[in-house]
Amino acid sequence: MLLNERSFEENYLLWEIYKEFRYVRGNAIRIQWVPSHNGIKGNESADQLAVAKARDNQSFFRGITLEDALILSNTEVWEDWTRKYKEASKEKGKWHYKLMERPHRKITSKDLNLQPDDVKVLNRVRSGHCLTKDRKAGWGWELDDTCDWCEITEDINHILFDCARYNQNRTQFPALEYMKPLENILKEGCEEELKQITKFHRSLKVVPLSLLATRESD
């Protein structure tokens, strides 16, 4: 164990022992493996002393191991980031906060069989950064946020569930046809339902959900 540097990160006692060996010159100390509990006098004595010491009350505090320190610091950093995420979401990213009240430790699409273009579309839907008229109007790209077909606000939900322009496209996708709430689809992370969103997007003649995803040819 003393030859494994990673052991020092996990056990400070090994590091203290290693330092004692390191500064001893010559052959004053030899490391010898001794089988335990085999009647060897010195070994039995050491074992008895170790057991007795373990039963004593702790008389001093040597701090915590490096491994424990890393765990505690990681926890503290993560809690601080969670607090800042919550505070920032009061001003920006309110839609995303509804879907995820705490930051995830892994990418939401990590365990799903999705193509890169699908992930791009879903990330934009999750963040609310899509080419819908309500967003483009907010960015100053449009004069108003009204759907050209329905004359009501064109947001993500309108595109996915309501717009008459895409009624025919929508019939191919049960989650959209039966109007399962978008918030539920994204929270539950069902691969098939997420794919229905991306396939619906590719079936459109316009690109309202993503700046980057590739449309299928007509």
# chains A, B, ... in the order shown; residues from 1 in each chain; ligands from 1

$ residues_around --residues "range 114-125 of chain A" --least-positions-apart "5" --cutoff "12 Å" --atoms "only C-alpha atoms" --output "count of residues only"
45

$ atom_distance --atom1 "CA of Asp80 in chain A" --atom2 "CA of Pro103 in chain A"
11.2 Å

$ closest_residue --among "A:Met100, A:Ser45, A:Lys94, A:Ser203" --to "Thr171 in chain A" --atoms "only C-alpha atoms"
A:Ser203

$ atom_distance --atom1 "CA of Leu204 in chain A" --atom2 "CA of Arg165 in chain A"
9.5 Å

$ decode --residues "range 150-191 of chain A" --atoms "C-alpha atoms" --output "PDB file, in the first residue's frame"
ATOM      1  CA  CYS A 150     -54.167  31.114 -35.625  1.00  0.00           C
ATOM      2  CA  GLU A 151     -53.729  34.762 -34.596  1.00  0.00           C
ATOM      3  CA  ILE A 152     -52.830  33.819 -31.026  1.00  0.00           C
ATOM      4  CA  THR A 153     -49.440  33.688 -29.294  1.00  0.00           C
ATOM      5  CA  GLU A 154     -47.076  31.239 -30.967  1.00  0.00           C
ATOM      6  CA  ASP A 155     -45.096  29.534 -28.193  1.00  0.00           C
ATOM      7  CA  ILE A 156     -43.731  25.987 -27.861  1.00  0.00           C
ATOM      8  CA  ASN A 157     -47.005  24.540 -26.610  1.00  0.00           C
ATOM      9  CA  HIS A 158     -48.917  26.165 -29.453  1.00  0.00           C
ATOM     10  CA  ILE A 159     -46.591  24.634 -32.044  1.00  0.00           C
ATOM     11  CA  LEU A 160     -46.649  21.164 -30.475  1.00  0.00           C
ATOM     12  CA  PHE A 161     -50.300  20.838 -29.510  1.00  0.00           C
ATOM     13  CA  ASP A 162     -52.575  23.566 -30.887  1.00  0.00           C
ATOM     14  CA  CYS A 163     -51.560  25.152 -34.180  1.00  0.00           C
ATOM     15  CA  ALA A 164     -54.002  24.155 -36.920  1.00  0.00           C
ATOM     16  CA  ARG A 165     -51.214  24.440 -39.459  1.00  0.00           C
ATOM     17  CA  TYR A 166     -49.684  21.189 -38.129  1.00  0.00           C
ATOM     18  CA  ASN A 167     -52.822  19.146 -37.406  1.00  0.00           C
ATOM     19  CA  GLN A 168     -51.984  16.581 -40.066  1.00  0.00           C
ATOM     20  CA  ASN A 169     -48.400  16.182 -38.861  1.00  0.00           C
ATOM     21  CA  ARG A 170     -49.565  15.798 -35.270  1.00  0.00           C
ATOM     22  CA  THR A 171     -51.756  12.741 -35.974  1.00  0.00           C
ATOM     23  CA  GLN A 172     -48.646  10.565 -36.293  1.00  0.00           C
ATOM     24  CA  PHE A 173     -47.511  11.250 -32.715  1.00  0.00           C
ATOM     25  CA  PRO A 174     -49.800  10.016 -29.897  1.00  0.00           C
ATOM     26  CA  ALA A 175     -48.235  12.062 -27.092  1.00  0.00           C
ATOM     27  CA  LEU A 176     -48.935  15.251 -29.060  1.00  0.00           C
ATOM     28  CA  GLU A 177     -52.248  14.163 -30.555  1.00  0.00           C
ATOM     29  CA  TYR A 178     -53.649  13.418 -27.081  1.00  0.00           C
ATOM     30  CA  MET A 179     -52.017  16.521 -25.661  1.00  0.00           C
ATOM     31  CA  LYS A 180     -49.864  15.006 -22.939  1.00  0.00           C
ATOM     32  CA  PRO A 181     -48.427  18.085 -21.180  1.00  0.00           C
ATOM     33  CA  LEU A 182     -44.994  19.017 -22.476  1.00  0.00           C
ATOM     34  CA  GLU A 183     -43.786  19.512 -18.908  1.00  0.00           C
ATOM     35  CA  ASN A 184     -44.663  15.877 -18.108  1.00  0.00           C
ATOM     36  CA  ILE A 185     -42.964  14.548 -21.247  1.00  0.00           C
ATOM     37  CA  LEU A 186     -39.716  16.334 -20.407  1.00  0.00           C
ATOM     38  CA  LYS A 187     -39.771  15.466 -16.696  1.00  0.00           C
ATOM     39  CA  GLU A 188     -40.536  11.771 -17.226  1.00  0.00           C
ATOM     40  CA  GLY A 189     -37.859  11.426 -19.916  1.00  0.00           C
ATOM     41  CA  CYS A 190     -39.612   8.618 -21.805  1.00  0.00           C
ATOM     42  CA  GLU A 191     -37.391   7.980 -24.830  1.00  0.00           C
TER      43      GLU A 191
END
